[in-house]
Amino acid sequence: MDIVSFLIQCLNSVQYGLLLFLVASGLTLIFGIMGVINLAHGSFYMLGAYLAFTLAGLTGNLFIAIPLGIVLAVAFGYVLEWAFFSYLYERDHLQQVLMTYGLILVFEELRSILVGDDVHGVQVPALLDGALPIGNDMTYPVYRLFISAVCLVVALAMYYVIRRTRLGMMIRAGATNREMVQSLGINITVLYRFVFALGVALAVLAGMIAAPVSSVYPGMGAQVLIVCFVVVVIGGIGSVKGALVASLLLGFVDTFGKVFWQEAAGVLIYLLMAVILLWKPQGLFKAG
Amino acid sequence: MNQQNPAAAAAAPMIEATGINAWYGSSHVLRDIDFTVGAGETVGLLGRNGMGKSTLLRTLLGHVRQRQGRIVVAGREVSRAQPFEVARLGVAYVPEGRGIFPSLSVRENLLMAARKGCHGRNDWDEARVLDLFPRLKERLSHGGQQLSGGEQQMLSIGRALMTNPDCLVLDEATEGLAPRIVREIWAVIATVRATGIASVVVDRNFRSVLAHADRAVVLEKGRVVLSGPASDLAGKPEALDRYLGV
Amino acid sequence: SASAQTAAPAAGAPAGGKIKVGFMLPYTGTYAALGNAIENGFRMYVQQQGGKLGGREIEYFKVDDESDPAKAPENATKLVKRDQVDVVVGTVHSGVQMGIVKVAKENNTLLIIPNAGVDEATGPLCGPNIFRTSFSNWQPGYAMGQVLGERGLKKVVTLTWKYAAGEQSVKGFKEAFEAKGGKVVKELSLPFPNVEFQALITEVASLKPDAVFVFFAGGGAVKFVKDWAAAGLKDKIPLYGSGFLTDGTLEAQGNAAQGLETTLHYADGLTNARDKNFRLDYAKTYKLQPDVYAVQGYDAAQLLAAGATAVKGDMTRKADLYKAMGGARIDSPRGTFTLSKAHNPVQDFYLRKVDGRENKVSSVAVKALADPARGCRL
Amino acid sequence: MNAPATTILEAQQLTRRFGGLTAVAGVDLTLALHEIHAVIGTNGAGKSTLINMLSGELPASSGRLRLKGEDVTGWSQPRLARHGVGRSYQRNNIFLPLTVRENCRLAAQSRAQRAWRLWESAQGCRTAATLADEAMERAGLEHLADRRASDLAHGQKRQLEVAMCLATQPVALLLDEPLAGMGAEESARMLALLRGLREGHAILLVEHDMDAVFSVADRITVMVNGAVIATGSPEAIRTNHEVQVAYLGEEEDEAA
Amino acid sequence: MNPTTLPARRHAARNATLATALGWVVAFAVLAGLPLLLTADSHKFYIELLSKVMIMAIFALSLQLLIGYTGLVSLGHAAYFAMAAYATAMLAPQSGPGNGWVLLAGALAASAALALVVGALVLRTRGVYFIMVTLAFAQMVYFVFHDTKVAGGSDGTYIYFRPEFPVPGEHLLTVNDPMHFYWLVWLGLVATVAVLMLVLRSRFGHALVGIRHNEQRMRAAGYATYRYQLGAFVAGGLLAGLAGFLYAIQFGFVNPEIASWHQSGNAMLMVILGGVGSLAGAVLGAFSFVLLAEWFSTLTKHWQLLMGGFIIVAVALLPRGLVSLPSVLRHGRRRRRNGDAGSGTGEAPAEPRSHTEAA
Ligand SMILES: Nc1ncnc2c1ncn2[C@@H]1O[C@H](COP(=O)(O)OP(=O)(O)OP(=O)(O)O)[C@@H](O)[C@H]1O
Ligand SMILES: Nc1ncnc2c1ncn2[C@@H]1O[C@H](COP(=O)(O)OP(=O)(O)OP(=O)(O)O)[C@@H](O)[C@H]1O
Ligand SMILES: CC(C)C[C@H](N)C(=O)O
Ligand SMILES: [Mg+2]
Ligand SMILES: [Mg+2]
């Protein structure tokens with residue numbers, strides 16, 4: 001492999017890693033920090049993609065659709081938490097597995113009923129529809145750079161909020177001892193409802209932003225779900241930094257694995273996860 | 001030493017509870033308890049293991065869901081309120097078992113609780129808490145999980161103080177603390193009392209309790225069997241022997 | 001659209017009652033749209049015959065195969081044993097198809113495959129009761145190999161999902177292409193249904209081939225074509241594929257797909273009258289444009305009709321039934337086709353070019369292409 | 001010197017570091033049969049960490065551990081436990097969803113594990129049942145035997161904590177603040193129990209209740225910041241100036 | 001019954017045990033008797049369906065041992081199921097029926113060996129990390145079957161001849177007859193339940209429950225917990241292997257998808273749906289999961305909506321799974337909201353605080 005291709009592959013790795021992080025960020029919040037095993041996270045991602053498709057169709061521009069979608073997502077997440085999650089915190093985690101599995105089925109069917117089973121595309125906004133030349137015969141789409149930028153912003157913002165602000169501390173505290181958090185005068189019910197909604201919004205944001213490059217199709221949520229869990233777990237549950245590092249690591253392993261060791265491309269991320277967890281049973285960066 | 005605190009007489013009671021009953025499942029743990037904490041008053045709560053002291057505290061704070069009776073805190077009825085609402089009225093809680101957030105560092109445990117008091121009071125901040133417990137200063141960036149038992153106890157008290165409460169509820173706050181620190185804690189309670197902050201104290205060392213409290217209440221099997229000024233109770237060894245087994 | 005017709009309590013159907021047709025198709029998941037199109041096509045033909053084949057009415061049974069091979073044998077058993085259908089029509093996914101073939105062979109139940117191209121079904125596992133109205137995975141690949149070989153290309157890279165449909169498609173391509181003197185310099189693949197193509201696209205570019213040949217379908221096809229264009233390779237390295245790359249996906253692919261050439265047994269802009277009518281009727285009935293899957297479903301019904309008519313509706317005369325079906329000439333919207341010995345269509349493969357929202361036919365790539373049916377002993 | 005004959009557990013220069021922090025620094029300690037050895041010290045002095053190392057729960061960073069003369073450094077906790085080292089925890093560490101009896105029975109069952117005997121019922125194991133009953137009775141929990149552990153009051157949980165340690169029939173008992181959270185009556189009872197256990201056991205008692213410590217201990221070791229600053233008889237310790245300053249505080253106000 | 005609560009009062013416990021035993025006997029008798037009712041030709045399907053459900057019940061039971069009693073939440077349990085199924089397919093002779101007993105032994109050995117190797121490694125991790133590492137190993141198994149040609153790659157492979165089960169002297173069992181196969185599976189299920197009951201009442205079983213609730217304490221008491229867990233893990237793998245073996249001979253077709261995480265996930269869902277920590281729960285979970293899907297899918301093509309709705313309602317109303325339905329009905333929903341904090345994480349067993357309530 002010549003040096004140019006190598007550099008481009010590195011760029012690909014970073015880009016894929018960052019996209020992974022964006023999708024996994026919401027999961028870091030809901031699963032990693034709040035401690036809710038949320039299998040429906042992929043569905044929220046899918047919801048985002050379909051929202052992008054629908055809203056961009058209605059408004060004619062993805063950039064108008066995105067804020068609109070986020071507002072909808074927050075409202076949706078808020079209601080969802082109230083209806084399906086609020087009484088699960090004190091129960092066994094496995095109940096959450098079952099509940100969110102039920103939700104996946106429901107979301108998937110509702111999608112099928114409401115929007116159908118066709119594959120759709122979403123237009124890249126005209127503003128970002130350019131491409132930068134790399135090397136002699138390849139170009140790099142501006143929109144992908146934009147995605148990377150969004151990912152970085154989200155990563156930094158999340159890290160800041162969760163590690164540095166009192167809000168972040170309250171959220172982390174609530175995962176281990178809800179009763180005590182209440183005793184400090186914090187309305188944990190509303191706080192968690194809000195954080196959950198935020199997690200949903202992150203997934204939806206990821207889905208909307210990724211829609212133009214990933215296209216919009218049934219079952220897209222399921223594909224991304226497991227990889228997101230792998231990211232969160234390898235990084236160390238609850239660690240934003242860990243999730244970011246893990247995403248990038250997966251990006252590199254996946255990208256270079258496909259090129260150098262095709263036969264094992266599918267198994268590589270699992271191999272990686274197994275090796276890392278056997279070496280560090282708490283993930284790369286144990287939170288707290 | 002046991003003279004009435006002057007602040008206590010003046011204002012409305014901090015906590016006023018009447019006819020409290022509480023259940024865990026179908027076991028009836030508290031029976032018709034009346035319990036009052038005057039503003040700035042220090043009340044000791046005594047009783048053998050399993051008599052309902054913690055349950056009473058948790059009921060007043062809104063943690064026990066199955067409860068009956070009327071609870072008024074700082075003039076507001078909170079009989080059916082959520083724990084955070086009670087806390088916002090200026091009641092801080094140091095639970096038995098400490099309730100440290102294991103995934104937060106010592107500093108974070110303190111900072112997340114920081115809050116101005118109800119009356120804008122802001123005497124307790126990180127610096128003052130750390131002055132009180134120098135041991136914590138050395139551990140600031142350690143996770144709550146990594147502290148020794150006594151360090152956790154200090155942190156729990158410090159965290160409660162960070163909310164600048166009008167009433168401090170201490171459930172076995174000296175458990176696991178070295179004698180020197182225990183004395184400091186009692187000194188804190190005295191300080192707190194002097195600044196007009198009320199407190200409810202459960203402690204196994206009834207002598208210390210009686211020495212530092214204005215009033216004491218003794219529970220037996222979920223009922224109040226004895227109550228009155230602390231100095232009076234201190235003079236009734238036979239009753240104490242009967243209800244506390246000393 | 002066709003509403004759910006569900007299992008009546010199974011009771012031994014009296015001879016001369018209805019012919020029981022069992023659809024085993026994906027109604028949920030990634031291939032749901034394909035399953036629906038196949039069913040629509042099938043029903044439309046039956047409708048056109050007044051709801052009867054071979055003089056008997058048709059009763060439908062449906063099972064959602066979820067594109068899950070693990071459930072395939074069980075699901076197929078449902079139709080065969082519970083509903084006791086006379087014919088199973090299914091399915092889309094090659095893995096599931098293997099399970100159905102197994103059950104059909106064991107019970108000697110008539111099976112018509114309306115899509116899945118898995119070579120084995122009309123190869124080593126072929127049987128007198130197993131028919132296909134679609135294609136073998138080998139076929140479209142072979143057709144494209146022929147085309148590129150004739151164009152004199154020398155150096156080609158292939159890229160596909162690593163599972164039956166992809167691998168067999170590439171195998172067909174390679175066979176034809178290398179026979180014409182070309183060389184497949186590298187075979188790239190990624191696990192199904194992974195859609196992270198970027199690394200492989202870069203790899204292809206660095207190999208600087210004369211062209212690439214790919215197999216992708218559905219959502220993956222959309223993403224691949226867009227990624228390819230976004231990487232700036234669209235005008236640098238010609239991209240070819242089997243027709244699934246651009247079937248049912250053009251709306252989503254938009255500009256990125258313009259000008260792509262693919263080979264398939266169906267295309268837009270065919271001139272035969274049969275196709276014109278078919279398209280009109282389909283659009284009228286379902287308020288949808290038909291696609292290759294609808295055609296395959298339609299032809300599955302035609303093939304069944306051919307057999308049913310020959311035995312006058314007596315589906316128990318299996319030998320005659322199979323014989324009639326095997327010898328049928330199907331007047332398909334794609335053009336007339338016959339069946340090979342192994343019961344796979346011997347059909348023309350079109351070279352198509354994307355133009356707007358259509359896969360416009362540009363020529364016939366290979367006339368009457370027959371799958372070699374390696375391993376079949378019929 | 002006839003110490004080796006009765007020495008059960010012996011720590012030599014045990015050290016434990018957590019990152020930059022040395023929680024236990026080169027501690028030498030012996031536990032002898034028929035003796036209650038109290039370890040007291042400031043909060044965070046490393047007492048619990050010491051117990052963790054003595055019981056094998058934490059590996060030592062350096063130093064050696066001997067059990068009845070045998071070098072057992074690096075043995076796993078279960079192995080040490082089966083050889084007679086039992087411990088209680090400062091923070092309750094019990095089987096919350098199980099009943100008090102089951103808590104004790106499970107602990108006792110470790111004396112007769114025989115896991116491969118799949119056909120035998122655990123309930124039918126006499127040894128375990130007897131040991132469990134005995135432990136509950138000693139800790140004063142018989143009347144609560146069928147309560148779920150999670151439904152106990154704090155003090156009762158503390159009693160259970162000790163009962164579970166007793167149920168494993170250890171020779172060396174490492175008790176981490178067994179009196180914490182217990183009321184006066186229960187404390188007195190526990191102390192009586194400890195006195196009774198002295199015969200035939202080697203007991204390490206970590207406790208902040210000075211009345212209790214001075215009333216039962218045969219020997220006292222004082223730790224500050226990971227190191228032992230004094231060790232000796234109760235009288236010697238009580239009057240040791242260093243101990244006064246570092247731990248007890250200048251004056252004791254209500255100690256008897 | 002709920003062995004998670006090691007029985008509290010001997011007396012009450014004995015009654016409960018009796019009632020449970022009676023419940024199982026009745027259930028098994030009904031299952032054994034069903035084929036006598038389903039005699040018509042078209043009923044054959046239901047016989048086969050029930051066989052399949054019982055196989056899934058065995059699979060769920062094997063996982064229940066890990067999740068419900070040992071606290072090892074494995075999301076890779078399909079690997080052992082698949083391993084046995086593949087072993088069966090690969091050992092089965094191409095030219096004629098094989099000896100079922102030999103195949104069974106081979107299949108069980110293969111799955112147990114795999115479980116031993118994987119278990120030895122994954123038991124280093126805990127909690128969610130454990131879930132994910134078991135998943136990782138299962139995915140590796142999946143990809144080995146999927147991407148290598150050892151057994152047909154992604155197409156899977158066939159068992160052309162159903163094996164025979166010679167019983168000394170004669171060939172009592174010919175599994176080509178669905179009825180015979182049904183009873184073979186029935187026997188497998190009965191054996192599985194019996195073995196598990198025995199295991200759970202033994203000291204080994206009690207120790208597992210202890211480890212599930214508090215591993216640290218068990219170590220302090222002197223249990224080498226790793227060995228116990230590994231033992232349970234291998235036993236779970238072995239029983240999953242039994243299910244995989246039966247699956248392979250029922251359908252005569254194995255495909256990599258049976259090792260996929262969906263398959264593992266389904267088993268886990270059955271266990272949770274039925275009730276964690278209850279053998280009856282696992283069986284109930286398997287029956288309802290499979291049969292409801294079956295039924296719903298005959299009602300509408302959007303049947304997954306019904307399934308999803310059912311699951312959501314079940315979680316909301318039955319925190320302890322379907323097994324708790326009778327007790328919830330009996331006690332009304334009075335105490336559903338009672339669970340006061342402090343009673344722990346909700347890992348409480350299915351008959352919570354019945355003693356305190358009686359007090
Ligand atoms: N979560 C619970 N569920 C059921 N019963 C409980 C629960 N917590 C406490 N109890 C019971 O309620 C009674 C009162 O308990 P409480 O904790 O209030 O006692 P306490 O006076 O604080 O005792 P201690 O001094 O030991 O802390 C005890 O008998 C106890 O067993
Ligand atoms: N896992 C750990 N990681 C880092 N530091 C730890 C860990 N465990 C204990 N420490 C530190 O080691 C020191 C000794 O702790 P230890 O629990 O042994 O004290 P202790 O003597 O038992 O105190 P106390 O009387 O308060 O229980 C403390 O400063 C504590 O913060
Ligand atoms: C063209 C595709 C829909 C083919 C299908 N994926 C198969 O497995 O054969
Ligand atoms: Mg208490
Ligand atoms: Mg300690």
# chains A, B, ... in the order shown; residues from 1 in each chain; ligands from 1
call {"tool": "interface_residues", "arguments": {"of": "chain C", "to": "chain A", "cutoff": "7 Å", "atoms": "only C-alpha atoms", "output": "PDB file with N, CA and C atoms, in the first residue's frame"}}
result
ATOM      1  N   GLY C  29     -38.656  -6.722   7.992  1.00  0.00           N
ATOM      2  CA  GLY C  29     -37.209  -6.623   7.834  1.00  0.00           C
ATOM      3  C   GLY C  29     -36.793  -6.044   6.498  1.00  0.00           C
ATOM      4  N   THR C  30     -35.509  -6.181   6.230  1.00  0.00           N
ATOM      5  CA  THR C  30     -34.899  -5.528   5.079  1.00  0.00           C
ATOM      6  C   THR C  30     -35.551  -5.894   3.748  1.00  0.00           C
ATOM      7  N   ALA C  32     -38.634  -6.847   3.172  1.00  0.00           N
ATOM      8  CA  ALA C  32     -40.090  -6.845   3.201  1.00  0.00           C
ATOM      9  C   ALA C  32     -40.686  -6.344   1.888  1.00  0.00           C
ATOM     10  N   ALA C  33     -40.092  -5.283   1.347  1.00  0.00           N
ATOM     11  CA  ALA C  33     -40.637  -4.708   0.115  1.00  0.00           C
ATOM     12  C   ALA C  33     -40.601  -5.737  -1.016  1.00  0.00           C
ATOM     13  N   SER C 189     -14.336  -8.448  -0.422  1.00  0.00           N
ATOM     14  CA  SER C 189     -15.679  -8.702   0.121  1.00  0.00           C
ATOM     15  C   SER C 189     -15.770  -8.167   1.533  1.00  0.00           C
ATOM     16  N   LEU C 190     -16.981  -8.030   1.996  1.00  0.00           N
ATOM     17  CA  LEU C 190     -17.209  -7.659   3.397  1.00  0.00           C
ATOM     18  C   LEU C 190     -18.435  -8.418   3.878  1.00  0.00           C
ATOM     19  N   PRO C 191     -18.545  -8.578   5.182  1.00  0.00           N
ATOM     20  CA  PRO C 191     -19.631  -9.423   5.684  1.00  0.00           C
ATOM     21  C   PRO C 191     -21.005  -8.810   5.421  1.00  0.00           C
ATOM     22  N   GLN C 198     -16.146   2.352   2.769  1.00  0.00           N
ATOM     23  CA  GLN C 198     -15.115   3.321   2.458  1.00  0.00           C
ATOM     24  C   GLN C 198     -13.729   2.692   2.280  1.00  0.00           C
ATOM     25  N   ALA C 199     -13.365   1.823   3.190  1.00  0.00           N
ATOM     26  CA  ALA C 199     -12.026   1.235   3.138  1.00  0.00           C
ATOM     27  C   ALA C 199     -11.824   0.472   1.835  1.00  0.00           C
ATOM     28  N   LEU C 200     -12.858  -0.267   1.469  1.00  0.00           N
ATOM     29  CA  LEU C 200     -12.720  -1.088   0.273  1.00  0.00           C
ATOM     30  C   LEU C 200     -12.719  -0.232  -0.983  1.00  0.00           C
ATOM     31  N   THR C 202     -11.484   2.729  -1.212  1.00  0.00           N
ATOM     32  CA  THR C 202     -10.127   3.248  -1.310  1.00  0.00           C
ATOM     33  C   THR C 202      -9.177   2.188  -1.854  1.00  0.00           C
ATOM     34  N   GLU C 203      -9.371   0.973  -1.372  1.00  0.00           N
ATOM     35  CA  GLU C 203      -8.527  -0.128  -1.832  1.00  0.00           C
ATOM     36  C   GLU C 203      -8.690  -0.349  -3.336  1.00  0.00           C
ATOM     37  N   SER C 206      -6.891   2.279  -5.247  1.00  0.00           N
ATOM     38  CA  SER C 206      -5.440   2.161  -5.247  1.00  0.00           C
ATOM     39  C   SER C 206      -4.974   1.041  -6.174  1.00  0.00           C
ATOM     40  N   GLY C 218     -30.589  -3.723  -2.239  1.00  0.00           N
ATOM     41  CA  GLY C 218     -31.340  -3.011  -1.195  1.00  0.00           C
ATOM     42  C   GLY C 218     -30.590  -1.807  -0.649  1.00  0.00           C
ATOM     43  N   GLY C 219     -30.715  -1.624   0.672  1.00  0.00           N
ATOM     44  CA  GLY C 219     -30.113  -0.463   1.328  1.00  0.00           C
ATOM     45  C   GLY C 219     -28.614  -0.403   1.117  1.00  0.00           C
ATOM     46  N   VAL C 222     -27.796   1.070  -2.246  1.00  0.00           N
ATOM     47  CA  VAL C 222     -27.947   2.519  -2.269  1.00  0.00           C
ATOM     48  C   VAL C 222     -26.705   3.175  -1.691  1.00  0.00           C
ATOM     49  N   LYS C 223     -26.311   2.686  -0.553  1.00  0.00           N
ATOM     50  CA  LYS C 223     -25.181   3.325   0.105  1.00  0.00           C
ATOM     51  C   LYS C 223     -23.917   3.143  -0.715  1.00  0.00           C
ATOM     52  N   ALA C 230     -19.385   9.627  -4.205  1.00  0.00           N
ATOM     53  CA  ALA C 230     -18.837  10.641  -3.310  1.00  0.00           C
ATOM     54  C   ALA C 230     -17.316  10.577  -3.247  1.00  0.00           C
ATOM     55  N   ALA C 231     -16.780   9.380  -3.440  1.00  0.00           N
ATOM     56  CA  ALA C 231     -15.327   9.242  -3.411  1.00  0.00           C
ATOM     57  C   ALA C 231     -14.706   9.766  -4.703  1.00  0.00           C
ATOM     58  N   GLY C 232     -15.548  10.191  -5.617  1.00  0.00           N
ATOM     59  CA  GLY C 232     -15.042  10.787  -6.850  1.00  0.00           C
ATOM     60  C   GLY C 232     -14.595   9.761  -7.874  1.00  0.00           C
ATOM     61  N   LEU C 233     -15.051   8.519  -7.707  1.00  0.00           N
ATOM     62  CA  LEU C 233     -14.575   7.467  -8.608  1.00  0.00           C
ATOM     63  C   LEU C 233     -15.519   7.206  -9.769  1.00  0.00           C
ATOM     64  N   THR C 249     -34.014   0.903  -6.211  1.00  0.00           N
ATOM     65  CA  THR C 249     -33.173   1.741  -5.370  1.00  0.00           C
ATOM     66  C   THR C 249     -32.873   3.092  -6.012  1.00  0.00           C
ATOM     67  N   GLU C 251     -34.569   5.727  -6.776  1.00  0.00           N
ATOM     68  CA  GLU C 251     -35.067   6.943  -6.142  1.00  0.00           C
ATOM     69  C   GLU C 251     -34.109   7.396  -5.052  1.00  0.00           C
ATOM     70  N   ALA C 252     -33.651   6.433  -4.288  1.00  0.00           N
ATOM     71  CA  ALA C 252     -32.752   6.758  -3.191  1.00  0.00           C
ATOM     72  C   ALA C 252     -31.341   7.084  -3.675  1.00  0.00           C
ATOM     73  N   GLN C 253     -30.940   6.471  -4.758  1.00  0.00           N
ATOM     74  CA  GLN C 253     -29.565   6.687  -5.225  1.00  0.00           C
ATOM     75  C   GLN C 253     -29.394   8.020  -5.937  1.00  0.00           C
TER      76      GLN C 253
END
call {"tool": "residues_around", "arguments": {"residues": "C:Thr338", "least_positions_apart": "2", "cutoff": "8 Å", "atoms": "only C-alpha atoms", "output": "ChimeraX atom specification"}}
result
/C:327-330,336,340,345-347
call {"tool": "residues_near_ligand", "arguments": {"ligand": "ligand 2", "cutoff": "8 Å", "atoms": "only C-alpha atoms and all ligand atoms", "output": "NGL selection string"}}
result
(:B and (139 or 142-143 or 145-153 or 176-178)) or (:D and (17-19 or 21-24 or 40-51 or 90 or 176 or 207-208 or 223 or 225-226))
call {"tool": "residues_near_ligand", "arguments": {"ligand": "ligand 1", "cutoff": "9 Å", "atoms": "only C-alpha atoms and all ligand atoms", "output": "VMD selection string"}}
result
(chain B and resid 23 to 30 46 to 58 96 171 to 172 202 to 204 219 to 222) or (chain D and resid 144 147 to 158 181 to 183) or (chain E and resid 339 to 344 353 356)
call {"tool": "select_by_dssp", "arguments": {"residues": "stretch 110-207 of chain E", "states": "strand (DSSP E)", "output": "list of chain:residue names"}}
result
E:Thr157, E:Tyr158, E:Glu164, E:Phe165, E:Pro166, E:Val167, E:Glu170, E:His171, E:Leu172, E:Leu173, E:Thr174
call {"tool": "write_last_selection", "arguments": {"atoms": "all heavy atoms", "output": "CSV table (one decimal), in the first residue's frame"}}
result
chain,number,residue,atom,x,y,z
E,157,THR,N,-25.7,-26.7,6.2
E,157,THR,CA,-25.5,-28.1,5.7
E,157,THR,C,-26.7,-29.0,6.1
E,157,THR,O,-27.4,-28.7,7.1
E,157,THR,CB,-24.2,-28.6,6.2
E,157,THR,OG1,-24.0,-29.9,5.6
E,157,THR,CG2,-24.1,-28.8,7.7
E,158,TYR,N,-26.9,-30.0,5.4
E,158,TYR,CA,-28.0,-30.9,5.7
E,158,TYR,C,-27.6,-32.2,6.4
E,158,TYR,O,-26.4,-32.7,6.3
E,158,TYR,CB,-28.6,-31.4,4.3
E,158,TYR,CG,-29.3,-30.3,3.6
E,158,TYR,CD1,-29.3,-30.3,2.2
E,158,TYR,CD2,-30.0,-29.3,4.3
E,158,TYR,CE1,-30.0,-29.3,1.5
E,158,TYR,CE2,-30.7,-28.4,3.5
E,158,TYR,CZ,-30.7,-28.4,2.2
E,158,TYR,OH,-31.4,-27.4,1.5
E,164,GLU,N,-30.9,-43.1,13.9
E,164,GLU,CA,-31.7,-44.1,14.6
E,164,GLU,C,-31.2,-44.2,16.1
E,164,GLU,O,-30.0,-44.1,16.3
E,164,GLU,CB,-31.6,-45.5,14.0
E,164,GLU,CG,-32.5,-45.5,12.7
E,164,GLU,CD,-32.2,-46.7,11.9
E,164,GLU,OE1,-31.3,-47.5,12.2
E,164,GLU,OE2,-32.9,-46.9,10.9
E,165,PHE,N,-32.1,-44.6,16.9
E,165,PHE,CA,-31.8,-44.7,18.3
E,165,PHE,C,-32.0,-46.2,18.8
E,165,PHE,O,-33.1,-46.5,19.3
E,165,PHE,CB,-32.6,-43.8,19.2
E,165,PHE,CG,-32.2,-42.3,19.0
E,165,PHE,CD1,-32.7,-41.6,18.0
E,165,PHE,CD2,-31.3,-41.7,19.9
E,165,PHE,CE1,-32.4,-40.3,17.8
E,165,PHE,CE2,-31.0,-40.4,19.7
E,165,PHE,CZ,-31.5,-39.7,18.7
E,166,PRO,N,-31.0,-47.0,18.5
E,166,PRO,CA,-31.2,-48.4,18.9
E,166,PRO,C,-31.2,-48.6,20.4
E,166,PRO,O,-30.4,-48.0,21.1
E,166,PRO,CB,-29.9,-49.1,18.3
E,166,PRO,CG,-28.9,-48.0,18.2
E,166,PRO,CD,-29.7,-46.7,18.0
E,167,VAL,N,-32.2,-49.3,20.9
E,167,VAL,CA,-32.3,-49.6,22.3
E,167,VAL,C,-32.0,-51.1,22.3
E,167,VAL,O,-32.4,-51.8,21.5
E,167,VAL,CB,-33.7,-49.4,22.8
E,167,VAL,CG1,-33.8,-49.7,24.3
E,167,VAL,CG2,-34.2,-47.9,22.6
E,170,GLU,N,-33.7,-54.0,20.2
E,170,GLU,CA,-34.5,-53.6,19.1
E,170,GLU,C,-34.3,-52.1,18.7
E,170,GLU,O,-33.7,-51.3,19.4
E,170,GLU,CB,-36.0,-53.9,19.4
E,170,GLU,CG,-36.3,-53.6,20.8
E,170,GLU,CD,-37.5,-54.4,21.2
E,170,GLU,OE1,-38.5,-54.5,20.5
E,170,GLU,OE2,-37.5,-54.9,22.4
E,171,HIS,N,-35.0,-51.7,17.7
E,171,HIS,CA,-35.0,-50.2,17.3
E,171,HIS,C,-36.3,-49.6,17.7
E,171,HIS,O,-37.2,-49.4,16.9
E,171,HIS,CB,-34.7,-50.1,15.8
E,171,HIS,CG,-33.3,-50.3,15.5
E,171,HIS,ND1,-32.7,-49.6,14.5
E,171,HIS,CD2,-32.4,-51.1,16.0
E,171,HIS,CE1,-31.4,-49.9,14.4
E,171,HIS,NE2,-31.2,-50.8,15.3
E,172,LEU,N,-36.4,-49.4,19.0
E,172,LEU,CA,-37.7,-48.8,19.5
E,172,LEU,C,-38.0,-47.5,18.9
E,172,LEU,O,-39.1,-47.1,18.5
E,172,LEU,CB,-37.6,-48.7,21.0
E,172,LEU,CG,-38.0,-49.9,21.8
E,172,LEU,CD1,-38.1,-49.6,23.3
E,172,LEU,CD2,-39.4,-50.4,21.3
E,173,LEU,N,-36.9,-46.7,18.8
E,173,LEU,CA,-37.1,-45.3,18.3
E,173,LEU,C,-36.7,-45.1,16.9
E,173,LEU,O,-35.6,-45.3,16.6
E,173,LEU,CB,-36.3,-44.3,19.2
E,173,LEU,CG,-36.8,-44.1,20.6
E,173,LEU,CD1,-35.8,-43.3,21.4
E,173,LEU,CD2,-38.1,-43.3,20.5
E,174,THR,N,-37.6,-44.7,16.1
E,174,THR,CA,-37.3,-44.3,14.7
E,174,THR,C,-37.8,-42.9,14.6
E,174,THR,O,-38.9,-42.6,14.6
E,174,THR,CB,-37.9,-45.1,13.7
E,174,THR,OG1,-39.3,-45.2,14.0
E,174,THR,CG2,-37.3,-46.5,13.6
call {"tool": "interface_residues", "arguments": {"of": "chain B", "to": "chain A", "cutoff": "6 Å", "atoms": "only C-alpha atoms", "output": "list in words"}}
result
Pro83, Phe84, Ala87, Arg88, Phe101, Ser103, Leu104 and Met112 of chain B
call {"tool": "atom_distance", "arguments": {"atom1": "atom CA of C:Ile237", "atom2": "atom CA of C:Gly181"}}
result
19.6 Å
call {"tool": "interface_residues", "arguments": {"of": "chain C", "to": "chain E", "cutoff": "9 Å", "atoms": "only C-alpha atoms", "output": "VMD selection string"}}
result
chain C and resid 4 to 7 10 to 12 27 to 28 62 to 64 68 to 71 73 to 74 77 to 78 80 to 84 94 to 96 98 to 99 102 to 103 118 162 to 164 191
